[in-house]
file protein14.pdb (PDB, C-alpha atoms, pLDDT in the B column)
ATOM      1  CA  MET G 602       0.000   0.000   0.000  1.00 49.00           C
ATOM      2  CA  PRO G 603       1.478   3.405  -0.970  1.00 55.00           C
ATOM      3  CA  VAL G 604       2.299   5.885   1.783  1.00 51.00           C
ATOM      4  CA  SER G 605       0.411   9.184   1.554  1.00 54.00           C
ATOM      5  CA  ARG G 606       2.261  12.476   1.657  1.00 56.00           C
ATOM      6  CA  THR G 607       0.853  13.247   5.088  1.00 58.00           C
ATOM      7  CA  ASP G 608       2.123   9.945   6.498  1.00 59.00           C
ATOM      8  CA  ARG G 609       5.715  10.606   5.476  1.00 61.00           C
ATOM      9  CA  ARG G 610       8.115  11.746   8.157  1.00 61.00           C
ATOM     10  CA  PRO G 611      11.457  13.423   7.438  1.00 57.00           C
ATOM     11  CA  THR G 612      14.245  10.921   7.840  1.00 60.00           C
ATOM     12  CA  MET G 613      17.119  13.261   7.014  1.00 58.00           C
ATOM     13  CA  THR G 614      18.784  15.862   9.188  1.00 64.00           C
ATOM     14  CA  SER G 615      18.421  19.530   8.275  1.00 65.00           C
ATOM     15  CA  GLU G 616      22.083  19.553   7.276  1.00 67.00           C
ATOM     16  CA  ALA G 617      21.499  16.735   4.786  1.00 64.00           C
ATOM     17  CA  ARG G 618      18.193  18.143   3.473  1.00 66.00           C
ATOM     18  CA  PHE G 619      19.612  21.608   2.982  1.00 66.00           C
ATOM     19  CA  SER G 620      23.100  20.902   1.678  1.00 72.00           C
ATOM     20  CA  SER G 621      22.598  23.809  -0.733  1.00 79.00           C
ATOM     21  CA  PRO G 622      22.771  27.276   0.873  1.00 83.00           C
ATOM     22  CA  GLY G 623      20.144  28.484  -1.616  1.00 84.00           C
ATOM     23  CA  PHE G 624      17.592  25.911  -0.505  1.00 83.00           C
ATOM     24  CA  LEU G 625      18.395  26.612   3.139  1.00 85.00           C
ATOM     25  CA  LEU G 626      17.922  30.374   2.638  1.00 89.00           C
ATOM     26  CA  SER G 627      14.643  29.702   0.856  1.00 89.00           C
ATOM     27  CA  HIS G 628      13.427  27.478   3.692  1.00 88.00           C
ATOM     28  CA  ILE G 629      14.432  29.928   6.417  1.00 91.00           C
ATOM     29  CA  GLY G 630      12.835  32.769   4.460  1.00 92.00           C
ATOM     30  CA  ARG G 631       9.526  30.909   4.246  1.00 94.00           C
ATOM     31  CA  VAL G 632       9.577  30.119   7.968  1.00 94.00           C
ATOM     32  CA  ALA G 633      10.515  33.692   8.899  1.00 95.00           C
ATOM     33  CA  GLN G 634       7.774  35.068   6.616  1.00 96.00           C
ATOM     34  CA  THR G 635       5.207  32.799   8.259  1.00 96.00           C
ATOM     35  CA  TRP G 636       6.305  33.692  11.787  1.00 97.00           C
ATOM     36  CA  ILE G 637       6.391  37.430  11.034  1.00 97.00           C
ATOM     37  CA  THR G 638       2.960  37.285   9.397  1.00 97.00           C
ATOM     38  CA  GLU G 639       1.603  35.485  12.480  1.00 98.00           C
ATOM     39  CA  ALA G 640       3.266  37.997  14.828  1.00 98.00           C
ATOM     40  CA  LEU G 641       1.780  40.963  12.947  1.00 98.00           C
ATOM     41  CA  ALA G 642      -1.738  39.488  12.668  1.00 98.00           C
ATOM     42  CA  PRO G 643      -2.900  40.714  16.106  1.00 97.00           C
ATOM     43  CA  LEU G 644      -1.923  44.221  14.950  1.00 97.00           C
ATOM     44  CA  ASP G 645      -4.065  43.826  11.804  1.00 96.00           C
ATOM     45  CA  LEU G 646      -0.954  44.269   9.660  1.00 97.00           C
ATOM     46  CA  LEU G 647       0.627  42.264   6.899  1.00 96.00           C
ATOM     47  CA  PRO G 648       4.412  42.449   6.469  1.00 96.00           C
ATOM     48  CA  ARG G 649       4.180  44.772   3.433  1.00 95.00           C
ATOM     49  CA  GLU G 650       1.861  47.099   5.353  1.00 97.00           C
ATOM     50  CA  ALA G 651       4.278  47.184   8.286  1.00 97.00           C
ATOM     51  CA  ALA G 652       7.051  47.939   5.785  1.00 96.00           C
ATOM     52  CA  ALA G 653       5.071  50.904   4.447  1.00 97.00           C
ATOM     53  CA  LEU G 654       4.747  52.276   7.977  1.00 97.00           C
ATOM     54  CA  LEU G 655       8.500  51.789   8.479  1.00 96.00           C
ATOM     55  CA  VAL G 656       9.349  53.774   5.341  1.00 96.00           C
ATOM     56  CA  LEU G 657       6.917  56.555   6.262  1.00 97.00           C
ATOM     57  CA  ARG G 658       8.288  56.725   9.797  1.00 96.00           C
ATOM     58  CA  GLN G 659      11.809  57.010   8.404  1.00 95.00           C
ATOM     59  CA  HIS G 660      11.144  59.442   5.540  1.00 95.00           C
ATOM     60  CA  GLY G 661       8.065  61.373   6.594  1.00 95.00           C
ATOM     61  CA  GLU G 662       5.449  62.426   4.046  1.00 95.00           C
ATOM     62  CA  LEU G 663       6.044  60.951   0.605  1.00 95.00           C
ATOM     63  CA  ALA G 664       4.367  60.990  -2.747  1.00 94.00           C
ATOM     64  CA  GLN G 665       2.542  57.676  -3.086  1.00 94.00           C
ATOM     65  CA  GLN G 666       4.598  56.854  -6.184  1.00 92.00           C
ATOM     66  CA  ARG G 667       7.850  57.426  -4.274  1.00 94.00           C
ATOM     67  CA  LEU G 668       6.601  55.245  -1.414  1.00 95.00           C
ATOM     68  CA  GLY G 669       5.987  52.478  -3.939  1.00 94.00           C
ATOM     69  CA  GLU G 670       9.476  52.884  -5.360  1.00 92.00           C
ATOM     70  CA  LEU G 671      11.082  52.679  -1.916  1.00 92.00           C
ATOM     71  CA  LEU G 672       9.052  49.553  -1.140  1.00 92.00           C
ATOM     72  CA  ASP G 673       9.570  48.071  -4.616  1.00 90.00           C
ATOM     73  CA  MET G 674       5.811  47.508  -4.616  1.00 92.00           C
ATOM     74  CA  ASP G 675       3.428  47.188  -7.556  1.00 92.00           C
ATOM     75  CA  PRO G 676       1.444  50.466  -7.836  1.00 91.00           C
ATOM     76  CA  ASN G 677      -1.918  48.658  -7.805  1.00 93.00           C
ATOM     77  CA  TYR G 678      -1.029  46.745  -4.649  1.00 94.00           C
ATOM     78  CA  LEU G 679       0.320  49.940  -3.079  1.00 95.00           C
ATOM     79  CA  VAL G 680      -3.084  51.592  -3.545  1.00 94.00           C
ATOM     80  CA  PHE G 681      -4.672  48.641  -1.715  1.00 95.00           C
ATOM     81  CA  VAL G 682      -2.090  48.905   1.097  1.00 97.00           C
ATOM     82  CA  THR G 683      -2.371  52.671   1.556  1.00 97.00           C
ATOM     83  CA  LYS G 684      -6.186  52.581   1.475  1.00 96.00           C
ATOM     84  CA  LYS G 685      -6.241  49.877   4.171  1.00 97.00           C
ATOM     85  CA  LEU G 686      -3.756  51.799   6.314  1.00 98.00           C
ATOM     86  CA  GLU G 687      -5.835  54.943   5.836  1.00 97.00           C
ATOM     87  CA  MET G 688      -9.036  53.116   6.851  1.00 97.00           C
ATOM     88  CA  LEU G 689      -7.233  51.958  10.014  1.00 97.00           C
ATOM     89  CA  GLY G 690      -6.213  55.560  10.735  1.00 98.00           C
ATOM     90  CA  LEU G 691      -2.515  54.719  10.437  1.00 98.00           C
ATOM     91  CA  VAL G 692      -1.746  56.971   7.462  1.00 98.00           C
ATOM     92  CA  GLU G 693      -3.264  60.021   5.838  1.00 97.00           C
ATOM     93  CA  ARG G 694      -3.532  60.355   2.075  1.00 95.00           C
ATOM     94  CA  THR G 695      -3.925  63.882   0.713  1.00 94.00           C
ATOM     95  CA  ARG G 696      -3.759  65.556  -2.675  1.00 92.00           C
ATOM     96  CA  ASP G 697      -0.438  67.155  -3.495  1.00 87.00           C
ATOM     97  CA  PRO G 698      -1.107  70.922  -3.552  1.00 88.00           C
ATOM     98  CA  GLU G 699       1.479  71.316  -6.327  1.00 86.00           C
ATOM     99  CA  ASP G 700       0.048  68.517  -8.486  1.00 84.00           C
ATOM    100  CA  GLY G 701      -3.550  67.519  -7.779  1.00 79.00           C
ATOM    101  CA  ARG G 702      -3.087  64.213  -9.616  1.00 85.00           C
ATOM    102  CA  ARG G 703      -0.592  62.993  -7.032  1.00 88.00           C
ATOM    103  CA  ARG G 704      -1.329  61.615  -3.581  1.00 90.00           C
ATOM    104  CA  LEU G 705       0.860  62.335  -0.582  1.00 95.00           C
ATOM    105  CA  VAL G 706       1.026  59.755   2.195  1.00 97.00           C
ATOM    106  CA  SER G 707       2.059  60.455   5.782  1.00 97.00           C
ATOM    107  CA  ILE G 708       2.055  58.370   8.941  1.00 98.00           C
ATOM    108  CA  THR G 709      -0.278  59.366  11.783  1.00 98.00           C
ATOM    109  CA  ALA G 710       0.364  59.217  15.524  1.00 98.00           C
ATOM    110  CA  ALA G 711      -1.633  55.971  15.591  1.00 98.00           C
ATOM    111  CA  GLY G 712       0.536  54.693  12.748  1.00 98.00           C
ATOM    112  CA  LEU G 713       3.692  55.458  14.716  1.00 97.00           C
ATOM    113  CA  GLU G 714       2.311  53.555  17.706  1.00 98.00           C
ATOM    114  CA  ARG G 715       1.313  50.595  15.530  1.00 98.00           C
ATOM    115  CA  ARG G 716       4.750  50.572  13.874  1.00 96.00           C
ATOM    116  CA  ASP G 717       6.408  50.511  17.314  1.00 97.00           C
ATOM    117  CA  ALA G 718       4.228  47.511  18.208  1.00 98.00           C
ATOM    118  CA  ALA G 719       5.197  45.882  14.890  1.00 97.00           C
ATOM    119  CA  ASP G 720       8.869  46.422  15.736  1.00 97.00           C
ATOM    120  CA  ALA G 721       8.380  44.606  19.037  1.00 97.00           C
ATOM    121  CA  ALA G 722       6.558  41.732  17.320  1.00 97.00           C
ATOM    122  CA  VAL G 723       9.229  41.332  14.654  1.00 96.00           C
ATOM    123  CA  ASN G 724      12.030  41.617  17.226  1.00 96.00           C
ATOM    124  CA  ALA G 725      10.476  38.697  19.120  1.00 97.00           C
ATOM    125  CA  VAL G 726      10.499  36.631  15.909  1.00 97.00           C
ATOM    126  CA  GLU G 727      14.118  37.576  15.248  1.00 95.00           C
ATOM    127  CA  GLU G 728      15.084  36.549  18.778  1.00 95.00           C
ATOM    128  CA  ARG G 729      13.313  33.214  18.252  1.00 96.00           C
ATOM    129  CA  LEU G 730      15.129  32.675  14.960  1.00 94.00           C
ATOM    130  CA  ALA G 731      18.479  33.623  16.487  1.00 94.00           C
ATOM    131  CA  THR G 732      18.249  31.381  19.557  1.00 94.00           C
ATOM    132  CA  GLY G 733      21.696  29.955  20.281  1.00 95.00           C
ATOM    133  CA  ILE G 734      23.547  32.422  18.038  1.00 95.00           C
ATOM    134  CA  GLY G 735      25.966  34.843  19.695  1.00 95.00           C
ATOM    135  CA  ALA G 736      26.099  38.592  19.057  1.00 94.00           C
ATOM    136  CA  ASP G 737      29.287  38.392  16.959  1.00 96.00           C
ATOM    137  CA  ASP G 738      27.822  35.663  14.782  1.00 95.00           C
ATOM    138  CA  LEU G 739      24.605  37.676  14.346  1.00 94.00           C
ATOM    139  CA  ARG G 740      26.616  40.691  13.172  1.00 94.00           C
ATOM    140  CA  THR G 741      28.457  38.450  10.720  1.00 95.00           C
ATOM    141  CA  LEU G 742      25.192  36.888   9.550  1.00 92.00           C
ATOM    142  CA  ARG G 743      23.680  40.335   8.955  1.00 92.00           C
ATOM    143  CA  ARG G 744      26.747  41.444   6.981  1.00 92.00           C
ATOM    144  CA  LEU G 745      26.605  38.284   4.856  1.00 92.00           C
ATOM    145  CA  LEU G 746      22.853  38.593   4.262  1.00 90.00           C
ATOM    146  CA  LEU G 747      23.296  42.219   3.175  1.00 89.00           C
ATOM    147  CA  GLN G 748      25.979  41.062   0.731  1.00 90.00           C
ATOM    148  CA  LEU G 749      23.662  38.371  -0.638  1.00 89.00           C
ATOM    149  CA  ASP G 750      20.932  40.989  -0.984  1.00 85.00           C
ATOM    150  CA  ALA G 751      23.333  43.253  -2.881  1.00 86.00           C
ATOM    151  CA  ASN G 752      24.244  40.312  -5.131  1.00 87.00           C
ATOM    152  CA  THR G 753      20.600  40.036  -6.161  1.00 83.00           C
ATOM    153  CA  GLY G 754      20.799  43.482  -7.717  1.00 80.00           C
ATOM    154  CA  ALA G 755      18.411  44.800  -5.112  1.00 66.00           C
ATOM    155  CA  ARG G 756      17.670  48.474  -5.583  1.00 62.00           C
ATOM    156  CA  HIS G 757      16.093  49.158  -2.212  1.00 55.00           C
ATOM    157  CA  PRO G 758      17.294  52.094  -0.200  1.00 52.00           C
ATOM    158  CA  VAL G 759      19.073  51.591   3.054  1.00 49.00           C
ATOM    159  CA  ILE G 760      16.474  52.273   5.741  1.00 48.00           C
ATOM    160  CA  ASP G 761      17.376  52.478   9.389  1.00 44.00           C
ATOM    161  CA  PRO G 762      14.805  50.185  11.093  1.00 42.00           C
ATOM    162  CA  ARG G 763      14.570  52.453  14.152  1.00 37.00           C
TER     163      ARG G 763
END
call {"tool": "encode", "arguments": {"input": "protein14.pdb", "output": "structure tokens"}}
result
Amino acid sequence: MPVSRTDRRPTMTSEARFSSPGFLLSHIGRVAQTWITEALAPLDLLPREAAALLVLRQHGELAQQRLGELLDMDPNYLVFVTKKLEMLGLVERTRDPEDGRRRLVSITAAGLERRDAADAAVNAVEERLATGIGADDLRTLRRLLLQLDANTGARHPVIDPR
């Protein structure tokens, strides 16, 4: 009788299953994405929405198009994100007085509070992921991950997370 997919149990160690760094990075990325999404859910935020609040906290009021560029986000999805954040009272969207076709987006006081709560939630996930890793190794890991990100041709701006 064949064994169903759900009846199979991993018989290999993580080291054997993820002998390729690419597959290991992909796996860790999926797990981290899941954990971060779960941590942000009580705040009624998705990771991309939390990222929008981060950029607005860092840069202040931005044209919606510029916000999308900084987030590397599809313009149609950005409209969805900014409208949801506006409905939650976390951002304000106004017409640009110099160009009525453009929207300006700014973070509200409630948005700043929610972003601070998101920081705490994500920090807890990062601590969980980094269990057993010393501070020096974490600094090295961050440096290596930033190099890998640069190798992808990433065009994102450097944004101080605080």
call {"tool": "resolve_selection", "arguments": {"input": "protein14.pdb", "expression": "the PyMOL selection byres ((chain G and resi 659-662) around 7)", "output": "MDAnalysis selection string"}}
result
chainID G and resid 655:658 663 705:707
call {"tool": "write_last_selection", "arguments": {"input": "protein14.pdb", "atoms": "C-alpha atoms", "output": "compact mmCIF listing (two decimals), keeping the file's coordinate frame"}}
result
# COMPACT_ATOMS: atom_id res chain seq x y z
CA LEU G 655 8.50 51.79 8.48
CA VAL G 656 9.35 53.77 5.34
CA LEU G 657 6.92 56.56 6.26
CA ARG G 658 8.29 56.72 9.80
CA LEU G 663 6.04 60.95 0.60
CA LEU G 705 0.86 62.34 -0.58
CA VAL G 706 1.03 59.76 2.19
CA SER G 707 2.06 60.46 5.78
call {"tool": "resolve_selection", "arguments": {"input": "protein14.pdb", "expression": "the PyMOL selection byres ((chain G and resi 690-693) around 10)", "output": "VMD selection string"}}
result
chain G and resid 653 to 654 657 662 683 to 689 694 to 695 704 to 716
call {"tool": "atom_distance", "arguments": {"input": "protein14.pdb", "atom1": "CA of Phe681 (chain G)", "atom2": "CA of Leu641 (chain G)"}}
result
17.8 Å
call {"tool": "atom_distance", "arguments": {"input": "protein14.pdb", "atom1": "CA of Leu742 (chain G)", "atom2": "CA of Ile637 (chain G)"}}
result
18.9 Å
call {"tool": "atom_distance", "arguments": {"input": "protein14.pdb", "atom1": "CA of Trp636 (chain G)", "atom2": "CA of Asp720 (chain G)"}}
result
13.6 Å
call {"tool": "resolve_selection", "arguments": {"input": "protein14.pdb", "expression": "the PyMOL selection byres ((chain G and resi 724-729) around 8)", "output": "PyMOL selection string"}}
result
chain G and resi 633+636-637+640+720-723+730-732
call {"tool": "closest_residue", "arguments": {"input": "protein14.pdb", "among": "G:Asp700, G:Ser621, G:Leu626, G:Val632", "to": "Leu745 (chain G)", "atoms": "all atoms listed in the file"}}
result
G:Leu626
call {"tool": "axis_aligned_box", "arguments": {"input": "protein14.pdb", "around": "region 655-666 of chain G", "padding_each_side": "3 Å", "output": "JSON"}}
result
{"center_x": 7.2, "center_y": 57.1, "center_z": 1.8, "size_x": 15.3, "size_y": 16.6, "size_z": 22.0}
